[in-house]
>>> print(open('start_21.cif').read())   # mmCIF, C-alpha atoms
data_final
#
loop_
_atom_site.label_atom_id
_atom_site.label_comp_id
_atom_site.auth_asym_id
_atom_site.auth_seq_id
_atom_site.Cartn_x
_atom_site.Cartn_y
_atom_site.Cartn_z
CA MET A 1 0.00 0.00 0.00
CA VAL A 2 2.91 2.31 0.79
CA VAL A 3 4.39 1.41 -2.60
CA ASN A 4 1.09 2.37 -4.33
CA CYS A 5 1.09 5.86 -2.74
CA PHE A 6 4.63 6.50 -3.94
CA ASN A 7 3.65 5.22 -7.35
CA MET A 8 0.80 7.73 -7.62
CA ALA A 9 2.84 10.66 -6.38
CA THR A 10 6.19 10.18 -8.03
CA ALA A 11 5.53 8.16 -11.19
CA CYS A 12 6.19 11.21 -13.39
CA THR A 13 9.57 12.28 -12.01
CA GLY A 14 12.78 10.36 -12.81
CA ARG A 15 14.01 10.71 -9.23
CA GLY A 16 10.78 9.16 -7.95
CA LEU A 17 11.16 6.19 -10.29
CA SER A 18 14.72 5.54 -9.13
CA PHE A 19 13.56 5.77 -5.48
CA LEU A 20 10.80 3.29 -6.32
CA ARG A 21 13.26 0.94 -7.95
CA SER A 22 15.54 1.10 -4.90
CA LEU A 23 12.53 0.29 -2.67
CA THR A 24 11.58 -2.78 -4.74
CA ARG A 25 15.21 -3.89 -4.86
CA HIS A 26 15.33 -3.78 -1.05
CA VAL A 27 12.08 -5.77 -0.78
CA ARG A 28 13.28 -8.38 -3.26
CA GLY A 29 16.46 -8.91 -1.29
CA THR A 30 14.73 -9.89 1.99
CA ALA A 31 13.49 -13.36 2.89
CA LEU A 32 9.85 -12.15 2.69
CA SER A 33 9.92 -12.06 -1.11
CA GLY A 34 8.71 -15.70 -1.29
CA ARG A 35 5.48 -14.92 0.63
CA PRO A 36 2.42 -13.29 -0.96
CA PRO A 37 2.13 -9.53 -0.31
CA ALA A 38 0.77 -8.54 3.08
CA GLY A 39 -2.49 -7.09 1.76
CA LEU A 40 -3.49 -10.21 -0.21
CA HIS A 41 -5.80 -12.67 1.54
CA THR A 42 -5.27 -16.39 0.85
CA SER A 43 -7.22 -19.26 2.39
CA ALA A 44 -5.60 -21.33 5.11
CA ALA A 45 -5.47 -24.37 2.83
CA LEU A 46 -2.99 -22.71 0.46
CA GLU A 47 -0.55 -21.29 3.03
CA VAL A 48 2.39 -23.55 3.89
CA ASN A 49 5.22 -22.94 6.35
CA LYS A 50 8.73 -23.31 4.99
CA ASN A 51 10.39 -22.36 8.27
CA TRP A 52 12.56 -25.46 8.53
CA GLU A 53 14.16 -24.83 5.14
CA ARG A 54 14.73 -21.19 6.10
CA ARG A 55 16.87 -22.27 9.07
CA ASN A 56 19.66 -23.17 6.65
CA LEU A 57 19.81 -19.55 5.47
CA GLN A 58 20.76 -18.20 8.90
CA LEU A 59 24.18 -16.53 8.88
CA TYR A 60 26.42 -16.04 11.90
CA PRO A 61 29.08 -13.32 12.17
CA PRO A 62 32.69 -14.51 11.73
CA GLN A 63 34.05 -16.12 14.89
CA LEU A 64 36.82 -14.46 16.95
CA PRO A 65 40.18 -16.28 17.21
CA GLY A 66 39.67 -17.39 20.85
CA GLU A 67 36.11 -18.67 20.46
CA PRO A 68 35.44 -22.41 20.38
CA ARG A 69 34.50 -23.56 16.90
CA ARG A 70 30.76 -23.50 16.26
CA ALA A 71 29.58 -26.91 15.01
CA ALA A 72 28.11 -27.00 11.51
CA GLU A 73 24.36 -27.61 11.33
CA VAL A 74 22.17 -28.83 8.48
CA HIS A 75 18.38 -28.65 8.50
CA HIS A 76 16.56 -30.86 6.01
CA CYS A 77 12.99 -32.03 5.57
CA ARG A 78 10.64 -33.78 3.20
CA ARG A 79 7.05 -32.59 2.81
CA GLN A 80 3.78 -34.37 2.07
CA ILE A 81 4.99 -37.94 2.54
CA LYS A 82 2.16 -40.45 2.07
CA TYR A 83 2.49 -41.92 5.58
CA SER A 84 1.00 -41.39 9.00
CA LYS A 85 2.66 -38.86 11.30
CA ASP A 86 2.14 -41.16 14.30
CA LYS A 87 3.87 -44.05 12.56
CA MET A 88 6.67 -41.79 11.35
CA TRP A 89 7.18 -40.58 14.94
CA TYR A 90 8.44 -44.00 16.00
CA LEU A 91 11.18 -43.89 13.36
CA ALA A 92 12.08 -40.32 14.24
CA LYS A 93 12.29 -41.27 17.94
CA MET A 94 14.48 -44.28 17.17
CA ILE A 95 17.22 -42.29 15.42
CA ARG A 96 17.35 -39.29 17.77
CA GLY A 97 20.87 -38.90 19.17
CA LEU A 98 22.48 -41.56 16.97
CA SER A 99 25.40 -40.92 14.65
CA ILE A 100 24.42 -40.70 11.00
CA ASP A 101 26.00 -44.05 10.08
CA GLN A 102 24.24 -45.84 12.94
CA ALA A 103 20.94 -44.22 11.97
CA ILE A 104 21.27 -45.28 8.33
CA THR A 105 22.16 -48.83 9.44
CA GLN A 106 19.10 -49.08 11.68
CA LEU A 107 16.78 -47.73 8.99
CA GLU A 108 18.16 -50.11 6.38
CA PHE A 109 17.11 -53.13 8.41
CA ASN A 110 13.75 -51.77 9.48
CA ASP A 111 10.72 -53.10 7.61
CA LYS A 112 8.51 -50.03 7.86
CA LYS A 113 7.53 -47.99 4.80
CA GLY A 114 8.73 -44.78 6.43
CA ALA A 115 12.21 -46.23 7.07
CA LYS A 116 13.11 -46.09 3.37
CA ILE A 117 11.93 -42.46 3.12
CA VAL A 118 13.77 -41.35 6.27
CA LYS A 119 16.94 -43.04 5.04
CA GLU A 120 16.69 -41.11 1.74
CA VAL A 121 16.23 -37.85 3.65
CA LEU A 122 19.27 -38.57 5.83
CA LEU A 123 21.45 -39.36 2.82
CA GLU A 124 20.31 -36.15 1.10
CA ALA A 125 21.06 -34.16 4.25
CA GLN A 126 24.51 -35.75 4.56
CA ASP A 127 25.23 -34.84 0.93
CA MET A 128 24.06 -31.25 1.52
CA ALA A 129 26.24 -30.99 4.63
CA VAL A 130 29.39 -32.00 2.77
CA LYS A 131 28.73 -29.90 -0.33
CA ASN A 132 27.10 -26.71 1.04
CA HIS A 133 27.69 -26.53 4.77
CA ASN A 134 31.44 -26.98 5.10
CA VAL A 135 31.40 -30.35 6.83
CA GLU A 136 34.71 -32.13 6.42
CA TYR A 137 33.90 -35.77 7.15
CA LYS A 138 30.49 -37.11 6.16
CA SER A 139 30.52 -39.61 9.03
CA ASN A 140 31.24 -36.95 11.64
CA LEU A 141 27.55 -36.00 11.92
CA TYR A 142 24.89 -36.90 14.44
CA ILE A 143 21.14 -36.44 14.55
CA ALA A 144 20.42 -33.57 16.91
CA GLU A 145 16.70 -33.19 16.14
CA SER A 146 14.31 -35.49 14.32
CA HIS A 147 10.54 -35.30 14.33
CA SER A 148 7.48 -35.74 12.16
CA GLY A 149 4.64 -33.34 11.51
CA LYS A 150 1.14 -33.44 10.04
CA GLY A 151 0.81 -32.67 6.33
CA LYS A 152 -2.27 -31.51 4.42
CA TYR A 153 -4.85 -34.31 4.43
CA LEU A 154 -7.26 -35.22 1.64
CA LYS A 155 -10.80 -36.17 2.62
CA ARG A 156 -12.68 -39.09 1.10
CA ILE A 157 -15.97 -40.85 1.79
CA ARG A 158 -15.96 -44.27 3.43
CA TYR A 159 -19.20 -46.14 2.77
CA HIS A 160 -20.77 -48.10 5.61
CA GLY A 161 -23.88 -50.29 5.58
CA ARG A 162 -27.44 -49.00 5.71
CA GLY A 163 -26.67 -45.83 3.82
CA MET A 164 -24.31 -44.52 6.49
CA PHE A 165 -21.01 -42.92 5.60
CA GLY A 166 -17.92 -41.67 7.31
CA ILE A 167 -15.30 -39.16 6.21
CA MET A 168 -11.94 -40.83 5.64
CA ASP A 169 -8.69 -38.87 5.89
CA LYS A 170 -5.90 -39.67 3.42
CA VAL A 171 -2.99 -38.88 5.70
CA TYR A 172 0.23 -37.14 4.76
CA CYS A 173 3.15 -36.17 6.98
CA HIS A 174 6.35 -34.15 6.93
CA TYR A 175 9.68 -35.35 8.28
CA PHE A 176 12.27 -32.93 9.73
CA VAL A 177 15.87 -33.66 10.65
CA LYS A 178 18.78 -31.55 11.94
CA LEU A 179 22.31 -32.89 11.60
CA VAL A 180 25.15 -31.39 13.65
CA GLU A 181 28.84 -31.96 13.06
CA GLY A 182 30.74 -33.88 15.69
CA PRO A 183 30.46 -37.13 17.64
CA PRO A 184 27.05 -37.87 19.16
CA PRO A 185 26.77 -36.55 22.74
CA ALA A 186 27.05 -39.27 25.39
CA VAL A 187 23.69 -39.90 27.05
CA GLU A 188 23.76 -41.15 30.64
CA PRO A 189 21.05 -43.80 31.01
CA ARG A 190 18.46 -42.73 33.62
CA THR A 191 17.25 -45.68 35.62
CA GLY A 192 14.01 -45.86 37.54
CA LEU A 193 15.96 -45.44 40.77
CA ASP A 194 17.42 -42.14 39.50
CA GLN A 195 13.98 -40.88 38.56
CA ALA A 196 12.60 -41.84 41.95
CA GLN A 197 15.46 -40.07 43.77
CA GLU A 198 14.94 -36.96 41.66
CA TYR A 199 11.26 -36.98 42.54
CA LEU A 200 12.03 -37.17 46.26
CA LEU A 201 14.56 -34.33 45.95
CA GLY A 202 11.91 -32.25 44.26
CA LEU A 203 9.51 -32.89 47.12
CA ARG A 204 12.12 -31.95 49.74
CA ARG A 205 13.07 -28.74 47.93
CA ARG A 206 9.59 -27.31 48.34
CA THR A 207 9.17 -24.30 50.60
CA VAL A 208 5.93 -23.69 52.47
CA ARG A 209 4.72 -20.15 51.91
CA HIS A 210 3.02 -17.98 54.52
CA SER A 211 3.83 -20.49 57.24
CA LEU A 212 4.29 -19.62 60.89
CA MET B 213 -44.61 -71.54 -14.46
CA MET B 214 -47.18 -68.92 -13.58
CA SER B 215 -47.53 -70.20 -10.01
CA LEU B 216 -43.73 -70.04 -9.59
CA ALA B 217 -43.63 -66.43 -10.76
CA GLY B 218 -46.54 -65.60 -8.50
CA LEU B 219 -44.81 -67.34 -5.58
CA LEU B 220 -41.57 -65.38 -6.14
CA HIS B 221 -43.51 -62.14 -6.39
CA SER B 222 -45.36 -62.73 -3.12
CA LEU B 223 -42.07 -63.74 -1.45
CA ARG B 224 -40.41 -60.53 -2.62
CA ARG B 225 -43.35 -58.49 -1.32
CA SER B 226 -43.19 -60.16 2.08
CA LEU B 227 -39.42 -59.54 2.30
CA LEU B 228 -39.88 -55.84 1.48
CA HIS B 229 -42.62 -55.65 4.10
CA LEU B 230 -40.30 -57.24 6.66
CA GLU B 231 -37.49 -54.78 5.78
CA GLY B 232 -39.90 -51.89 6.17
CA LYS B 233 -40.92 -53.16 9.60
CA LEU B 234 -37.25 -53.50 10.63
CA LEU B 235 -36.50 -49.94 9.48
CA GLN B 236 -39.51 -48.65 11.41
CA SER B 237 -38.32 -50.38 14.59
CA ALA B 238 -34.81 -48.96 14.08
CA GLY B 239 -36.21 -45.44 13.97
CA PHE B 240 -35.93 -44.51 10.27
CA ASP B 241 -38.78 -42.80 8.46
CA GLY B 242 -38.79 -45.60 5.92
CA HIS B 243 -36.35 -43.67 3.67
CA LEU B 244 -32.68 -44.49 3.87
CA THR B 245 -30.97 -41.10 3.82
CA PRO B 246 -27.21 -40.63 4.34
CA ALA B 247 -26.36 -39.98 7.95
CA LEU B 248 -23.22 -40.09 10.05
CA ALA B 249 -22.58 -43.47 11.64
CA LEU B 250 -22.87 -42.86 15.37
CA ASN B 251 -22.65 -45.43 18.12
CA GLY B 252 -25.25 -44.82 20.77
CA PRO B 253 -28.93 -44.97 21.65
CA ARG B 254 -31.62 -44.06 19.17
CA LEU B 255 -31.94 -40.27 18.93
CA GLN B 256 -35.21 -40.19 17.01
CA VAL B 257 -38.32 -40.44 19.22
CA GLN B 258 -40.88 -43.04 18.15
CA PRO B 259 -44.24 -41.40 17.29
CA GLN B 260 -46.15 -44.36 18.78
CA GLN B 261 -44.70 -43.77 22.28
CA ASP B 262 -46.09 -40.18 22.44
CA GLU B 263 -49.60 -41.32 21.68
CA HIS B 264 -49.75 -44.41 23.86
CA LEU B 265 -48.07 -43.11 27.05
CA ASP B 266 -51.05 -44.12 29.21
CA GLU B 267 -51.27 -47.55 27.70
CA GLU B 268 -47.51 -48.21 27.92
CA GLN B 269 -47.79 -50.20 31.11
CA GLN B 270 -50.84 -52.09 29.94
CA SER B 271 -49.67 -53.01 26.41
CA PRO B 272 -47.53 -56.17 26.22
CA GLU B 273 -43.79 -55.71 25.68
CA GLN B 274 -42.60 -56.24 22.13
CA ALA B 275 -39.86 -58.79 21.60
CA PRO B 276 -36.47 -56.93 21.75
CA SER B 277 -34.98 -56.74 18.27
CA ILE B 278 -31.28 -56.92 17.54
CA LEU B 279 -31.10 -53.13 17.20
CA ASP B 280 -32.56 -52.58 20.69
CA ASN B 281 -29.54 -54.37 22.14
CA ILE B 282 -27.34 -51.37 21.15
CA MET B 283 -28.25 -50.07 24.62
CA TRP B 284 -26.24 -52.91 26.23
CA MET B 285 -23.08 -52.79 24.07
CA ALA B 286 -19.73 -51.60 25.43
CA ALA B 287 -18.92 -47.95 24.71
CA PRO B 288 -16.29 -45.58 26.08
CA LYS B 289 -17.54 -43.57 29.04
CA LYS B 290 -15.13 -40.65 28.71
CA ARG B 291 -12.81 -39.26 26.08
CA ARG B 292 -9.26 -40.45 26.65
CA SER B 293 -7.03 -37.46 27.36
CA ILE B 294 -3.92 -36.80 25.31
CA GLU B 295 -1.70 -37.60 28.32
CA ILE B 296 -3.26 -41.06 28.68
CA ASN B 297 -2.99 -41.60 24.92
CA ARG B 298 0.64 -40.53 24.86
CA THR B 299 1.69 -42.80 27.73
CA ARG B 300 0.09 -45.73 25.88
CA ARG B 301 1.52 -44.91 22.44
CA ARG B 302 5.02 -44.04 23.70
CA ALA B 303 5.42 -46.93 26.14
CA VAL B 304 8.84 -48.54 26.00
CA GLU B 305 7.51 -51.82 24.56
CA LYS B 306 5.92 -49.95 21.63
CA LEU B 307 9.08 -48.05 20.62
CA ILE B 308 11.26 -49.55 17.88
CA LYS B 309 14.23 -51.42 19.34
CA VAL B 310 17.71 -50.61 18.10
CA LYS B 311 19.24 -53.66 16.41
CA ASP B 312 22.66 -54.81 17.54
CA ASN B 313 23.05 -57.83 15.19
CA VAL B 314 24.26 -55.90 12.14
CA VAL B 315 27.75 -56.81 10.90
CA PRO B 316 29.65 -56.07 7.66
CA CYS B 317 29.63 -58.85 5.05
CA LEU B 318 33.05 -60.44 4.66
CA GLU B 319 32.68 -60.81 0.90
CA CYS B 320 31.50 -57.39 -0.21
CA GLY B 321 31.62 -55.10 2.84
CA HIS B 322 27.97 -54.12 2.80
CA LEU B 323 26.05 -54.42 6.06
CA LYS B 324 24.04 -57.53 6.80
CA GLN B 325 22.18 -59.08 9.70
CA LYS B 326 24.03 -61.93 11.38
CA HIS B 327 21.45 -64.63 10.64
CA VAL B 328 20.51 -63.39 7.13
CA LEU B 329 22.31 -63.60 3.79
CA CYS B 330 23.97 -60.43 2.57
CA GLY B 331 21.52 -58.58 0.30
CA PHE B 332 24.18 -57.35 -2.11
CA CYS B 333 25.76 -60.77 -2.60
CA TYR B 334 22.32 -62.35 -2.99
CA GLU B 335 21.39 -59.80 -5.64
CA LYS B 336 24.59 -60.36 -7.65
CA VAL B 337 24.04 -64.14 -7.62
CA ARG B 338 20.38 -63.65 -8.57
CA ARG B 339 21.34 -61.54 -11.59
CA GLU B 340 23.84 -64.06 -12.89
CA THR B 341 21.32 -66.88 -12.31
CA SER B 342 18.64 -65.06 -14.30
CA LEU B 343 21.06 -64.65 -17.23
CA ILE B 344 21.87 -68.38 -17.07
CA ARG B 345 18.12 -69.13 -17.05
CA ILE B 346 17.62 -66.94 -20.14
CA GLN B 347 20.39 -68.91 -21.87
CA ILE B 348 18.72 -72.21 -20.88
CA ASN B 349 15.34 -71.01 -22.20
CA ALA B 350 16.96 -70.01 -25.48
CA GLN B 351 18.56 -73.47 -25.77
CA GLU B 352 15.37 -75.38 -24.90
CA GLY B 353 13.13 -73.22 -27.06
CA GLY B 354 9.88 -73.80 -25.19
CA PRO B 355 8.24 -75.10 -22.01
CA LEU B 356 8.53 -78.71 -20.78
CA LYS B 357 11.63 -79.42 -22.92
CA ALA B 358 14.18 -79.83 -20.11
CA PRO B 359 16.46 -82.86 -20.74
CA ALA B 360 16.69 -85.64 -18.16
CA THR B 361 20.39 -84.97 -17.57
CA GLU B 362 22.37 -82.67 -15.30
CA THR B 363 23.37 -79.21 -16.42
CA VAL B 364 26.81 -77.63 -16.24
CA VAL B 365 27.57 -73.95 -16.83
CA LEU B 366 30.76 -73.15 -18.75
CA TYR B 367 32.25 -69.71 -19.14
CA GLU B 368 34.66 -68.29 -21.72
CA GLY B 369 37.66 -70.44 -22.47
CA GLU B 370 36.47 -73.45 -20.48
CA MET B 371 36.29 -76.99 -21.81
CA PRO B 372 33.96 -79.66 -20.45
CA GLY B 373 35.88 -81.99 -18.09
CA ASP B 374 35.71 -85.79 -17.64
CA GLN B 375 32.73 -85.61 -15.32
CA ASP B 376 30.80 -83.35 -17.71
CA GLN B 377 30.47 -85.94 -20.52
CA ASP B 378 26.77 -86.81 -19.99
CA LYS B 379 25.68 -83.38 -18.88
CA ARG B 380 23.90 -80.66 -20.78
CA ILE B 381 26.26 -77.70 -21.34
CA VAL B 382 25.08 -74.11 -20.91
CA GLU B 383 27.54 -71.53 -22.15
CA ARG B 384 27.85 -67.97 -20.91
CA ALA B 385 29.82 -65.41 -22.89
CA ARG B 386 31.80 -63.88 -20.06
CA LYS B 387 34.64 -64.86 -17.79
CA ARG B 388 33.85 -66.97 -14.74
CA PRO B 389 32.86 -64.85 -11.72
CA THR B 390 35.20 -65.28 -8.75
CA TRP B 391 32.43 -66.40 -6.43
CA PHE B 392 31.23 -69.20 -8.80
CA THR B 393 33.50 -72.12 -7.97
#
>>> encode(input="start_21.cif", output="structure tokens")
Amino acid sequence: MVVNCFNMATACTGRGLSFLRSLTRHVRGTALSGRPPAGLHTSAALEVNKNWERRNLQLYPPQLPGEPRRAAEVHHCRRQIKYSKDKMWYLAKMIRGLSIDQAITQLEFNDKKGAKIVKEVLLEAQDMAVKNHNVEYKSNLYIAESHSGKGKYLKRIRYHGRGMFGIMDKVYCHYFVKLVEGPPPAVEPRTGLDQAQEYLLGLRRRTVRHSL
Amino acid sequence: MMSLAGLLHSLRRSLLHLEGKLLQSAGFDGHLTPALALNGPRLQVQPQQDEHLDEEQQSPEQAPSILDNIMWMAAPKKRRSIEINRTRRRAVEKLIKVKDNVVPCLECGHLKQKHVLCGFCYEKVRRETSLIRIQINAQEGGPLKAPATETVVLYEGEMPGDQDQDKRIVERARKRPTWFT
């Protein structure tokens, strides 16, 4: 709307046109250029979030000589996979915290449909890390984050007896993964005894307010 | 002939009448319109019950139909909360177990499970076998023409030995693979 006002006022003058061009150049350069303009209304069904892909575009300032080296990160995802998000969650949970080679091994010998897809995504992400994200050794990666999300469903009719019907959802899901350079962090196994002790500590730490 | 047709017609009429009676007892108007399938008691009030409220106690009870027994079927009392659902779905026994019986194949280096043949080696043997089978089909020329003798496969530069005299020879135009002894 601001652009329209300037258009009306300064379309005639050469200086106005150059100012307009500089404005549009600035707008084109930002990350918002992919989205529809702010004044345009689209239905919820057409809007999709590409936030996970945008995480790869984040730039950090150059590191100072004394700083510890920041580990390289790769974000990758696949959208609208014809699989259930609940079933995909089990695969995502299995590979959390594993090194990339271990994860690929486990997925290769898993019989689920989603295992093949997740393995493809991991291999793509590994390739991206080596080529675009300055990762030296392709095995020196571990899975920092891995989860599934709900995609856009299609609705169909499921016919029952006696003229009844139900609405069937054709499910789709997304799969997101974040690889970080380095060996996988060591996880101390928490036993039931540890959890019980922590619970008791929590109870003892409580303070009674407004007591005598 | 005529009596048979008449019999079938009367049978069909009686069946339709019975279906209509069943629908009436189930609570439909007599027209089957699309509706959502819901599990629960009948929502539609019977018109007969409004008229004969005084005579309800006096009139004899009708025999309970199959559809009346919906009142006694098991149904969930309360919606299961997401916390309950999560604890059930994410229980340790339902998570996928990490396999620890994966070792590299000694022949090719690909990964394999300890108790299973290596997939890569199996595939390479399968491919060579299918080519040998194509060669055999070409030699035989049709189905059910297999000779009653043994078969031996010879590769480039190989001559049949002493034991191969009575056998059928299948030739392959490549050098012998290292794994085929």
>>> resolve_selection(input="start_21.cif", expression="the PyMOL selection byres ((chain A and resi 102) around 12)", output="count of residues only")
30
>>> closest_residue(input="start_21.cif", among="A:Tyr137, A:Tyr83, A:Tyr153, A:Tyr90", to="chain B", atoms="only C-alpha atoms")
A:Tyr90
>>> resolve_selection(input="start_21.cif", expression="the PyMOL selection byres ((chain A and resi 92) around 9)", output="list in words")
Met88, Trp89, Tyr90, Leu91, Lys93, Met94, Ile95, Arg96, Val118, Glu145, Ser146, His147, Ser148, Tyr175, Phe176 and Val177 of chain A
>>> resolve_selection(input="start_21.cif", expression="the PyMOL selection byres ((chain A) within 6 of (chain B))", output="count of residues only")
3
>>> atom_distance(input="start_21.cif", atom1="atom CA of His322 of chain B", atom2="atom CA of Arg339 of chain B")
17.5 Å
>>> axis_aligned_box(input="start_21.cif", around="segment 171-181 of chain A", padding_each_side="3 Å", output="lines of an AutoDock Vina configuration file")
center_x = 12.9
center_y = -35.1
center_z = 9.2
size_x = 37.8
size_y = 13.5
size_z = 14.9
>>> residues_around(input="start_21.cif", residues="Pro372 of chain B", least_positions_apart="6", cutoff="12 Å", atoms="all atoms listed in the file", output="PyMOL selection string")
chain B and resi 363-366+378-383
>>> closest_atom_pairs(input="start_21.cif", of="segment 106-210 of chain A", to="segment 41-49 of chain A", cutoff="12 Å", atoms="all atoms listed in the file", output="CSV")
residue,atom,partner,partner_atom,distance
A:Gly149,CA,A:Asn49,CA,11.6
A:Lys150,CA,A:Val48,CA,11.7
A:Gly151,CA,A:Val48,CA,9.6
A:Lys152,CA,A:Ala45,CA,8.0
A:Tyr153,CA,A:Ala45,CA,10.1
A:Leu154,CA,A:Ala45,CA,11.1
A:His174,CA,A:Asn49,CA,11.3
>>> atom_distance(input="start_21.cif", atom1="atom CA of Thr341 of chain B", atom2="atom CA of Arg384 of chain B")
10.9 Å
>>> atom_distance(input="start_21.cif", atom1="atom CA of Cys333 of chain B", atom2="atom CA of Cys317 of chain B")
8.8 Å
>>> closest_residue(input="start_21.cif", among="A:Met168, A:His76, A:Arg162, A:Ile81", to="Glu231 of chain B", atoms="only C-alpha atoms")
A:Arg162
>>> residues_around(input="start_21.cif", residues="segment 68-71 of chain A", least_positions_apart="6", cutoff="8 Å", atoms="only C-alpha atoms", output="PyMOL selection string")
chain A and resi 180-182
>>> decode(input="start_21.cif", residues="segment 277-308 of chain B", atoms="C-alpha atoms", output="PDB file, in the first residue's frame")
ATOM      1  CA  SER B 277     -34.979 -56.737  18.267  1.00  0.00           C
ATOM      2  CA  ILE B 278     -31.278 -56.919  17.540  1.00  0.00           C
ATOM      3  CA  LEU B 279     -31.104 -53.128  17.203  1.00  0.00           C
ATOM      4  CA  ASP B 280     -32.560 -52.584  20.694  1.00  0.00           C
ATOM      5  CA  ASN B 281     -29.538 -54.367  22.137  1.00  0.00           C
ATOM      6  CA  ILE B 282     -27.340 -51.370  21.154  1.00  0.00           C
ATOM      7  CA  MET B 283     -28.246 -50.072  24.619  1.00  0.00           C
ATOM      8  CA  TRP B 284     -26.236 -52.912  26.230  1.00  0.00           C
ATOM      9  CA  MET B 285     -23.081 -52.787  24.065  1.00  0.00           C
ATOM     10  CA  ALA B 286     -19.729 -51.598  25.428  1.00  0.00           C
ATOM     11  CA  ALA B 287     -18.922 -47.950  24.708  1.00  0.00           C
ATOM     12  CA  PRO B 288     -16.295 -45.575  26.081  1.00  0.00           C
ATOM     13  CA  LYS B 289     -17.537 -43.568  29.038  1.00  0.00           C
ATOM     14  CA  LYS B 290     -15.130 -40.654  28.710  1.00  0.00           C
ATOM     15  CA  ARG B 291     -12.814 -39.263  26.084  1.00  0.00           C
ATOM     16  CA  ARG B 292      -9.260 -40.451  26.648  1.00  0.00           C
ATOM     17  CA  SER B 293      -7.027 -37.461  27.356  1.00  0.00           C
ATOM     18  CA  ILE B 294      -3.917 -36.804  25.307  1.00  0.00           C
ATOM     19  CA  GLU B 295      -1.702 -37.600  28.323  1.00  0.00           C
ATOM     20  CA  ILE B 296      -3.262 -41.064  28.676  1.00  0.00           C
ATOM     21  CA  ASN B 297      -2.990 -41.604  24.922  1.00  0.00           C
ATOM     22  CA  ARG B 298       0.640 -40.527  24.861  1.00  0.00           C
ATOM     23  CA  THR B 299       1.686 -42.803  27.726  1.00  0.00           C
ATOM     24  CA  ARG B 300       0.093 -45.725  25.875  1.00  0.00           C
ATOM     25  CA  ARG B 301       1.522 -44.907  22.439  1.00  0.00           C
ATOM     26  CA  ARG B 302       5.020 -44.042  23.703  1.00  0.00           C
ATOM     27  CA  ALA B 303       5.415 -46.925  26.142  1.00  0.00           C
ATOM     28  CA  VAL B 304       8.837 -48.541  25.997  1.00  0.00           C
ATOM     29  CA  GLU B 305       7.513 -51.817  24.556  1.00  0.00           C
ATOM     30  CA  LYS B 306       5.924 -49.947  21.626  1.00  0.00           C
ATOM     31  CA  LEU B 307       9.084 -48.055  20.623  1.00  0.00           C
ATOM     32  CA  ILE B 308      11.262 -49.549  17.882  1.00  0.00           C
TER      33      ILE B 308
END
